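Visitor: Structure below; questions to follow.
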Amino acid sequence: MNVIDLNCDLGESFGAYKIGNDEEVLKYISSANIACGYHAGDHNIMMETIELALKNGVQIGAHPGFPDLAGFGRREMSLTPREIYHLTLYQIGALAGMAGAKGSGLSHVKPHGALYNVAAKNRSIADAIAQAVRDLDPGLVLFGLANSELIRAGTEKGLPVASEVFADRTYQPDGTLTSRLDENAMIHDSKIAVERIIMMVKEGKVIAVDGAEIGIQADTVCVHGDGPQALEFVRELREALGAEGISIRKSWSKE
């Protein structure tokens, strides 16, 4: 039986600024990646999102990013591996503390935006992130782009890892995501996005922008929660997965 996790980046509102439809999206996903205040979110939003996730039985994960609120963490910053280690540890620890106050632990860690993309290619940065996760809690699942340096770093450090695929992003021939600066970076047709995810889960492959087939491991699917059609899409995806006999993962620790 095919099993997949549905994850979404949440808790991205900040102060008076509201982003996404977290309360509704949480009804359809299995893992929430909660912003930890560096690229998005704040202490109030973090706790509110934790409470909503617990209410819906959704696994809680930390979503650390570059300290770049103005750029939403999507601008690459030139930081040393030591600095990356510290900022990752700091953000995971903050969310873990807040979740602990509600009687819950974290299940996973997924870097955000530019930090995620850098870690996919740069082994020293990937090692710094993986080491921070391991030092805090070696039982945490490390999410990373399928076939990336982050997945390899996590595996070598003995962490449980989850290879992530994207429903609404296109892929380059080398298996990396197309830059958001390119016109063809995003897939806006939900039907096409769903078909691609089913292929990744059931056949272990994805079609790159040049038409080439790329082998890919799909343990968790990212569905973005900040777009205008996000709720409709996640509903459609979950329904389509069920129709294909693909079940939603309930817990990383039990399967």
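If you're wondering about the labels, chains in the structure tokens are A, B, ... by order shown, residues count from 1 in each chain, ligands from 1 in order shown.
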Near A:Ile187, within 9 Å and counting only C-alpha atoms, which residues show up once chain neighbours fewer than 2 positions away are dropped, as a list of chain:residue names?
Guide: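 The residues satisfying every condition are A:Ala167, A:Asp168, A:Arg169, A:Thr170, A:Asn184, A:Ala185, A:Asp189, A:Ser190, A:Ile192, A:Ala193.
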Visitor: Keeping only N, CA and C atoms, take the residues you just selected and write them out as a JSON list (two decimals), in the first residue's frame.
Guide:
[["chain", "number", "residue", "atom", "x", "y", "z"],
["A", 167, "ALA", "N", 3.90, 19.59, -5.00],
["A", 167, "ALA", "CA", 2.75, 19.45, -5.88],
["A", 167, "ALA", "C", 2.69, 20.55, -6.93],
["A", 168, "ASP", "N", 3.10, 21.75, -6.56],
["A", 168, "ASP", "CA", 2.87, 22.90, -7.44],
["A", 168, "ASP", "C", 4.15, 23.54, -7.97],
["A", 169, "ARG", "N", 5.27, 22.80, -7.94],
["A", 169, "ARG", "CA", 6.53, 23.34, -8.44],
["A", 169, "ARG", "C", 7.05, 22.46, -9.58],
["A", 170, "THR", "N", 7.77, 23.07, -10.51],
["A", 170, "THR", "CA", 8.39, 22.30, -11.58],
["A", 170, "THR", "C", 9.82, 21.94, -11.19],
["A", 184, "ASN", "N", 8.13, 29.61, -15.37],
["A", 184, "ASN", "CA", 7.55, 28.26, -15.31],
["A", 184, "ASN", "C", 7.81, 27.56, -13.98],
["A", 185, "ALA", "N", 8.10, 28.33, -12.92],
["A", 185, "ALA", "CA", 8.42, 27.72, -11.63],
["A", 185, "ALA", "C", 7.22, 27.06, -10.98],
["A", 189, "ASP", "N", -2.32, 24.75, -12.64],
["A", 189, "ASP", "CA", -3.43, 23.85, -12.95],
["A", 189, "ASP", "C", -3.45, 22.72, -11.92],
["A", 190, "SER", "N", -4.45, 22.70, -11.05],
["A", 190, "SER", "CA", -4.50, 21.71, -9.97],
["A", 190, "SER", "C", -4.59, 20.28, -10.49],
["A", 192, "ILE", "N", -3.19, 19.02, -13.20],
["A", 192, "ILE", "CA", -1.85, 18.60, -13.59],
["A", 192, "ILE", "C", -1.00, 18.32, -12.35],
["A", 193, "ALA", "N", -1.12, 19.19, -11.35],
["A", 193, "ALA", "CA", -0.35, 19.00, -10.11],
["A", 193, "ALA", "C", -0.71, 17.69, -9.44]]
Visitor: Identify, on the basis of only C-alpha atoms, every residue whose closest approach to A:Leu140 does not exceed 12 Å; exclude the query and any residue fewer than 5 positions from it along the same chain; express the result as a PyMOL selection string.
Guide: chain A and resi 59-62+92+96+105-110+130-135+154+157-162+251-253
Visitor: Please produce an output containing C-alpha atoms for each residue in the selection, written as a short mmCIF file (atom, residue, chain, number, x, y, z; two decimals), in the first residue's frame.
Guide:
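Dumped everything to out_5.cif:
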data_model
loop_
_atom_site.label_atom_id
_atom_site.label_comp_id
_atom_site.auth_asym_id
_atom_site.auth_seq_id
_atom_site.Cartn_x
_atom_site.Cartn_y
_atom_site.Cartn_z
CA GLN A 59 1.84 16.52 13.56
CA ILE A 60 3.85 19.57 14.57
CA GLY A 61 7.14 20.41 12.91
CA ALA A 62 9.58 23.32 13.06
CA ILE A 92 13.63 24.52 16.64
CA ALA A 96 9.74 22.77 20.90
CA GLY A 105 6.51 17.29 21.20
CA LEU A 106 7.74 17.97 17.69
CA SER A 107 7.68 15.30 15.00
CA HIS A 108 9.87 16.84 12.31
CA VAL A 109 11.96 19.74 11.01
CA LYS A 110 11.77 21.27 7.55
CA ALA A 130 21.25 18.05 10.33
CA GLN A 131 23.63 18.38 13.28
CA ALA A 132 21.39 20.97 14.95
CA VAL A 133 18.40 18.65 14.59
CA ARG A 134 20.35 15.68 15.91
CA ASP A 135 21.75 17.59 18.87
CA GLY A 154 20.51 13.56 7.72
CA LYS A 157 24.02 11.50 10.94
CA GLY A 158 21.52 8.79 11.81
CA LEU A 159 18.37 10.90 11.61
CA PRO A 160 15.10 9.57 10.25
CA VAL A 161 14.56 11.46 6.99
CA ALA A 162 11.62 12.15 4.69
CA SER A 251 2.42 9.37 12.36
CA TRP A 252 6.11 9.18 11.57
CA SER A 253 6.78 7.29 14.79
#
Visitor: Per residue of stretch 195-251 of chain A within 10 Å of stretch 145-150 of chain A, record the nearest atom pair and its distance in Å to one decimal, counting only C-alpha atoms, with rows in chain order and ascending residue number, as a Markdown table.
Guide:
| residue | atom | partner | partner_atom | distance |
| --- | --- | --- | --- | --- |
| A:Gly215 | CA | A:Asn147 | CA | 8.9 |
| A:Ile216 | CA | A:Ala146 | CA | 6.3 |
| A:Gln217 | CA | A:Ala146 | CA | 6.0 |
| A:Ala218 | CA | A:Ala146 | CA | 7.1 |
| A:Asp219 | CA | A:Ala146 | CA | 8.7 |
| A:Thr220 | CA | A:Ala146 | CA | 9.6 |
Visitor: Go ahead and write the selection's residues with N, CA, C and O atoms as a tab-separated table (two decimals), in the first residue's frame.
Guide:
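What landed in again-v5.tsv:
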chain	number	residue	atom	x	y	z
A	215	GLY	N	14.07	9.95	-11.48
A	215	GLY	CA	13.68	9.08	-10.38
A	215	GLY	C	13.56	9.88	-9.09
A	215	GLY	O	14.42	10.73	-8.81
A	216	ILE	N	12.52	9.61	-8.31
A	216	ILE	CA	12.29	10.42	-7.12
A	216	ILE	C	11.61	9.61	-6.03
A	216	ILE	O	10.78	8.75	-6.31
A	217	GLN	N	12.03	9.85	-4.79
A	217	GLN	CA	11.42	9.21	-3.62
A	217	GLN	C	10.43	10.19	-3.02
A	217	GLN	O	10.79	11.32	-2.72
A	218	ALA	N	9.20	9.76	-2.85
A	218	ALA	CA	8.17	10.65	-2.32
A	218	ALA	C	7.65	10.11	-0.99
A	218	ALA	O	6.84	9.19	-0.95
A	219	ASP	N	8.14	10.70	0.10
A	219	ASP	CA	7.67	10.34	1.43
A	219	ASP	C	6.65	11.35	1.96
A	219	ASP	O	5.75	11.01	2.72
A	220	THR	N	6.82	12.61	1.56
A	220	THR	CA	5.93	13.67	2.01
A	220	THR	C	5.74	14.67	0.88
A	220	THR	O	6.67	14.97	0.15
Visitor: Quick one: pull the distance between atom CA of A:Arg180 and atom CA of A:Gln91, Å, one decimal.
Guide: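 Atom-to-atom, atom CA of A:Arg180 to atom CA of A:Gln91, that is 24.9 Å.
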Visitor: Run DSSP on the backbone and give me the residues of stretch 6-135 of chain A it puts in strand (DSSP E), as a ChimeraX atom specification.
Guide: /A:6-10,31-35,59-63,108-109
Visitor: Quick one: write out the picked residues with C-alpha atoms as an mmCIF file, in the first residue's frame?
Guide:
data_model
loop_
_atom_site.group_PDB
_atom_site.id
_atom_site.type_symbol
_atom_site.label_atom_id
_atom_site.label_comp_id
_atom_site.auth_asym_id
_atom_site.auth_seq_id
_atom_site.Cartn_x
_atom_site.Cartn_y
_atom_site.Cartn_z
ATOM 1 C CA LEU A 6 0.762 15.808 3.364
ATOM 2 C CA ASN A 7 2.682 18.746 4.818
ATOM 3 C CA CYS A 8 2.010 22.465 4.659
ATOM 4 C CA ASP A 9 3.988 25.553 5.703
ATOM 5 C CA LEU A 10 1.843 27.355 8.269
ATOM 6 C CA SER A 31 2.023 17.534 9.080
ATOM 7 C CA ALA A 32 2.305 21.260 9.836
ATOM 8 C CA ASN A 33 5.608 23.088 9.337
ATOM 9 C CA ILE A 34 5.313 26.051 11.688
ATOM 10 C CA ALA A 35 7.341 29.216 11.070
ATOM 11 C CA GLN A 59 1.841 16.520 13.562
ATOM 12 C CA ILE A 60 3.849 19.570 14.570
ATOM 13 C CA GLY A 61 7.138 20.407 12.908
ATOM 14 C CA ALA A 62 9.576 23.320 13.065
ATOM 15 C CA HIS A 63 10.102 25.426 9.941
ATOM 16 C CA HIS A 108 9.869 16.843 12.307
ATOM 17 C CA VAL A 109 11.956 19.740 11.012
#
Visitor: Extract the full set of helix (DSSP H, G or I) residues from stretch 5-102 of chain A according to DSSP on the backbone, and format it as a ChimeraX atom specification.
Guide: /A:22-25,43-55,81-101
Visitor: I'd like the neighbourhood of A:Gly211 as a VMD selection string, where a residue qualifies if any of its atoms comes within 10 Å (using only C-alpha atoms), though same-chain residues fewer than 4 positions away should be ignored.
Guide: chain A and resid 171 to 173 206 to 207
Visitor: Got time to write the residues from that selection, N, CA, C and O atoms, as a PDB file, in the first residue's frame?
Guide:
ATOM      1  N   TYR A 171      10.356  20.928 -11.861  1.00  0.00           N
ATOM      2  CA  TYR A 171      11.684  20.401 -11.541  1.00  0.00           C
ATOM      3  C   TYR A 171      12.649  20.599 -12.701  1.00  0.00           C
ATOM      4  O   TYR A 171      12.280  20.502 -13.867  1.00  0.00           O
ATOM      5  N   GLN A 172      13.910  20.838 -12.325  1.00  0.00           N
ATOM      6  CA  GLN A 172      14.992  20.919 -13.296  1.00  0.00           C
ATOM      7  C   GLN A 172      15.525  19.506 -13.570  1.00  0.00           C
ATOM      8  O   GLN A 172      15.280  18.575 -12.801  1.00  0.00           O
ATOM      9  N   PRO A 173      16.276  19.314 -14.659  1.00  0.00           N
ATOM     10  CA  PRO A 173      16.796  17.982 -14.993  1.00  0.00           C
ATOM     11  C   PRO A 173      17.673  17.369 -13.906  1.00  0.00           C
ATOM     12  O   PRO A 173      17.811  16.142 -13.842  1.00  0.00           O
ATOM     13  N   VAL A 206       9.272  11.821 -11.817  1.00  0.00           N
ATOM     14  CA  VAL A 206       8.652  13.096 -12.142  1.00  0.00           C
ATOM     15  C   VAL A 206       9.235  13.564 -13.472  1.00  0.00           C
ATOM     16  O   VAL A 206      10.374  13.222 -13.815  1.00  0.00           O
ATOM     17  N   ILE A 207       8.448  14.335 -14.212  1.00  0.00           N
ATOM     18  CA  ILE A 207       8.901  14.851 -15.494  1.00  0.00           C
ATOM     19  C   ILE A 207       9.485  16.246 -15.297  1.00  0.00           C
ATOM     20  O   ILE A 207       8.821  17.142 -14.783  1.00  0.00           O
TER      21      ILE A 207
END
Visitor: For A:Thr88, please output as a PDB file with C-alpha atoms, in the first residue's frame all residues within 9 Å (counting only C-alpha atoms; exclusion window: fewer than 4 positions along the same chain).
Guide:
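Once written, around-v4.pdb looks like this:
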ATOM      1  CA  PRO A  64      13.354  27.365  10.513  1.00  0.00           C
ATOM      2  CA  GLY A  65      14.497  29.922   7.957  1.00  0.00           C
ATOM      3  CA  PHE A  66      16.915  32.752   7.360  1.00  0.00           C
ATOM      4  CA  GLU A  83      25.808  30.428  12.146  1.00  0.00           C
ATOM      5  CA  ILE A  84      23.394  28.119  10.329  1.00  0.00           C
ATOM      6  CA  ILE A  92      13.632  24.516  16.645  1.00  0.00           C
ATOM      7  CA  GLY A  93      14.191  24.975  20.360  1.00  0.00           C
ATOM      8  CA  PRO A 111      13.992  24.229   6.587  1.00  0.00           C
ATOM      9  CA  ALA A 128      25.000  22.120   9.983  1.00  0.00           C
ATOM     10  CA  ILE A 129      21.216  21.816   9.831  1.00  0.00           C
ATOM     11  CA  ALA A 132      21.391  20.971  14.948  1.00  0.00           C
ATOM     12  CA  VAL A 133      18.400  18.651  14.592  1.00  0.00           C
TER      13      VAL A 133
END
Visitor: Show me, as a compact mmCIF listing (two decimals) with all heavy atoms, in the first residue's frame, the residues that have an atom within 9 Å of A:Tyr28 when counting only C-alpha atoms, minus same-chain residues fewer than 2 positions from it.
Guide:
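Written file, selection_5.txt:
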# COMPACT_ATOMS: atom_id res chain seq x y z
N LEU A 6 1.08 14.52 3.97
CA LEU A 6 0.76 15.81 3.36
C LEU A 6 1.20 16.89 4.33
O LEU A 6 0.68 17.01 5.43
CB LEU A 6 -0.74 15.94 3.10
CG LEU A 6 -1.36 15.06 2.03
CD1 LEU A 6 -2.84 15.38 1.86
CD2 LEU A 6 -0.65 15.23 0.69
N GLU A 24 -8.47 26.21 8.17
CA GLU A 24 -9.16 25.30 7.26
C GLU A 24 -8.20 24.28 6.65
O GLU A 24 -8.53 23.09 6.54
CB GLU A 24 -9.85 26.10 6.15
CG GLU A 24 -11.03 26.92 6.62
CD GLU A 24 -12.12 26.05 7.26
OE1 GLU A 24 -12.45 25.00 6.68
OE2 GLU A 24 -12.61 26.42 8.34
N VAL A 25 -7.00 24.72 6.25
CA VAL A 25 -6.03 23.81 5.64
C VAL A 25 -5.66 22.68 6.59
O VAL A 25 -5.47 21.53 6.18
CB VAL A 25 -4.77 24.58 5.19
CG1 VAL A 25 -3.66 23.63 4.78
CG2 VAL A 25 -5.10 25.52 4.04
N LEU A 26 -5.59 22.97 7.88
CA LEU A 26 -5.21 21.97 8.88
C LEU A 26 -6.18 20.79 8.94
O LEU A 26 -5.84 19.73 9.47
CB LEU A 26 -5.10 22.61 10.26
CG LEU A 26 -3.75 23.29 10.55
CD1 LEU A 26 -3.86 24.26 11.71
CD2 LEU A 26 -2.68 22.24 10.84
N SER A 30 -1.51 16.29 7.18
CA SER A 30 -1.07 15.43 8.29
C SER A 30 0.14 15.99 9.03
O SER A 30 0.41 15.58 10.15
CB SER A 30 -0.77 14.01 7.77
OG SER A 30 -0.01 14.03 6.59
N ASN A 56 -6.60 19.50 15.51
CA ASN A 56 -6.91 18.72 14.30
C ASN A 56 -6.12 17.43 14.20
O ASN A 56 -6.21 16.73 13.18
CB ASN A 56 -6.65 19.58 13.06
CG ASN A 56 -7.71 20.65 12.85
OD1 ASN A 56 -8.77 20.38 12.30
ND2 ASN A 56 -7.44 21.87 13.32
N LEU A 231 -6.79 26.02 -0.30
CA LEU A 231 -7.75 25.14 0.37
C LEU A 231 -8.41 24.21 -0.63
O LEU A 231 -8.53 23.00 -0.41
CB LEU A 231 -8.79 25.97 1.11
CG LEU A 231 -9.84 25.17 1.89
CD1 LEU A 231 -9.19 24.25 2.90
CD2 LEU A 231 -10.81 26.13 2.57
N VAL A 234 -5.82 21.47 -1.76
CA VAL A 234 -5.49 20.41 -0.81
C VAL A 234 -6.68 19.45 -0.65
O VAL A 234 -6.49 18.24 -0.48
CB VAL A 234 -5.05 20.99 0.56
CG1 VAL A 234 -6.20 21.61 1.32
CG2 VAL A 234 -4.36 19.93 1.39
N ARG A 235 -7.88 19.96 -0.74
CA ARG A 235 -9.05 19.08 -0.73
C ARG A 235 -9.04 18.14 -1.94
O ARG A 235 -9.27 16.94 -1.82
CB ARG A 235 -10.34 19.93 -0.78
CG ARG A 235 -10.74 20.60 0.52
CD ARG A 235 -11.95 21.46 0.25
NE ARG A 235 -12.43 22.16 1.42
CZ ARG A 235 -13.21 23.23 1.39
NH1 ARG A 235 -13.57 23.73 0.21
NH2 ARG A 235 -13.63 23.80 2.50
N ARG A 238 -6.22 15.48 -1.67
CA ARG A 238 -6.52 14.42 -0.71
C ARG A 238 -7.57 13.45 -1.27
O ARG A 238 -7.45 12.24 -1.12
CB ARG A 238 -7.00 15.02 0.61
CG ARG A 238 -7.28 13.97 1.66
CD ARG A 238 -6.91 14.42 3.03
NE ARG A 238 -7.04 13.32 3.99
CZ ARG A 238 -6.55 13.33 5.19
NH1 ARG A 238 -5.86 14.36 5.62
NH2 ARG A 238 -6.70 12.30 5.99
Visitor: Write out as a tab-separated table (two decimals) with N, CA, C and O atoms, in the first residue's frame the residues lying within 12 Å of A:Glu48, counting only C-alpha atoms and excluding same-chain residues fewer than 4 positions away.
Guide:
chain	number	residue	atom	x	y	z
A	10	LEU	N	2.90	26.59	7.60
A	10	LEU	CA	1.84	27.36	8.27
A	10	LEU	C	2.42	28.30	9.31
A	10	LEU	O	3.63	28.38	9.50
A	11	GLY	N	1.54	29.04	9.98
A	11	GLY	CA	1.98	29.98	11.00
A	11	GLY	C	2.78	31.13	10.43
A	11	GLY	O	3.69	31.64	11.07
A	12	GLU	N	2.45	31.54	9.21
A	12	GLU	CA	3.24	32.56	8.53
A	12	GLU	C	2.70	33.98	8.69
A	12	GLU	O	3.27	34.92	8.14
A	13	SER	N	1.62	34.14	9.44
A	13	SER	CA	1.13	35.49	9.74
A	13	SER	C	2.11	36.15	10.71
A	13	SER	O	2.94	35.49	11.34
A	14	PHE	N	1.98	37.47	10.84
A	14	PHE	CA	2.93	38.20	11.70
A	14	PHE	C	2.23	39.45	12.22
A	14	PHE	O	1.83	40.31	11.44
A	22	ASP	N	-4.86	28.94	7.63
A	22	ASP	CA	-4.36	27.82	8.41
A	22	ASP	C	-5.47	26.97	9.03
A	22	ASP	O	-5.41	25.73	9.02
A	23	GLU	N	-6.46	27.61	9.58
A	23	GLU	CA	-7.50	26.87	10.31
A	23	GLU	C	-8.21	25.86	9.42
A	23	GLU	O	-8.51	24.75	9.86
A	34	ILE	N	5.67	24.77	11.08
A	34	ILE	CA	5.31	26.05	11.69
A	34	ILE	C	6.51	27.01	11.70
A	34	ILE	O	7.57	26.69	12.25
A	35	ALA	N	6.30	28.19	11.09
A	35	ALA	CA	7.34	29.22	11.07
A	35	ALA	C	7.72	29.60	12.49
A	35	ALA	O	6.88	29.66	13.38
A	41	GLY	N	5.97	34.59	11.04
A	41	GLY	CA	5.42	34.16	12.32
A	41	GLY	C	5.97	34.99	13.48
A	41	GLY	O	6.89	35.78	13.33
A	42	ASP	N	5.36	34.81	14.63
A	42	ASP	CA	5.85	35.42	15.87
A	42	ASP	C	5.38	34.53	17.02
A	42	ASP	O	4.73	33.50	16.79
A	43	HIS	N	5.71	34.90	18.25
A	43	HIS	CA	5.41	34.03	19.39
A	43	HIS	C	3.91	33.77	19.54
A	43	HIS	O	3.51	32.66	19.90
A	44	ASN	N	3.08	34.76	19.24
A	44	ASN	CA	1.64	34.56	19.35
A	44	ASN	C	1.13	33.61	18.27
A	44	ASN	O	0.35	32.68	18.55
A	52	LEU	N	-3.99	24.93	17.06
A	52	LEU	CA	-4.84	24.50	15.96
A	52	LEU	C	-4.41	23.12	15.44
A	52	LEU	O	-5.26	22.28	15.11
A	53	ALA	N	-3.11	22.90	15.36
A	53	ALA	CA	-2.61	21.61	14.89
A	53	ALA	C	-3.02	20.50	15.84
A	53	ALA	O	-3.48	19.42	15.42
A	54	LEU	N	-2.87	20.74	17.13
A	54	LEU	CA	-3.26	19.73	18.12
A	54	LEU	C	-4.75	19.45	18.06
A	54	LEU	O	-5.19	18.30	18.18
A	55	LYS	N	-5.54	20.48	17.86
A	55	LYS	CA	-7.00	20.33	17.76
A	55	LYS	C	-7.38	19.43	16.59
A	55	LYS	O	-8.35	18.66	16.67
A	95	LEU	N	10.22	26.55	19.14
A	95	LEU	CA	8.94	25.89	18.87
A	95	LEU	C	8.75	24.68	19.77
A	95	LEU	O	7.64	24.42	20.25
A	98	MET	N	7.47	25.80	23.13
A	98	MET	CA	6.06	26.20	23.11
A	98	MET	C	5.15	24.99	22.98
A	98	MET	O	4.10	24.91	23.63
A	99	ALA	N	5.56	24.02	22.16
A	99	ALA	CA	4.76	22.80	22.02
A	99	ALA	C	4.77	22.02	23.33
A	99	ALA	O	3.74	21.46	23.75
A	102	LYS	N	2.26	22.86	25.83
A	102	LYS	CA	0.93	22.34	25.52
A	102	LYS	C	0.89	20.81	25.60
A	102	LYS	O	-0.06	20.17	25.15
Visitor: Quick one: distance from atom CA of A:Gly100 to atom CA of A:Gly37 in Å, one decimal?
Guide: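 Separating atom CA of A:Gly100 from atom CA of A:Gly37 is a distance of 17.3 Å.
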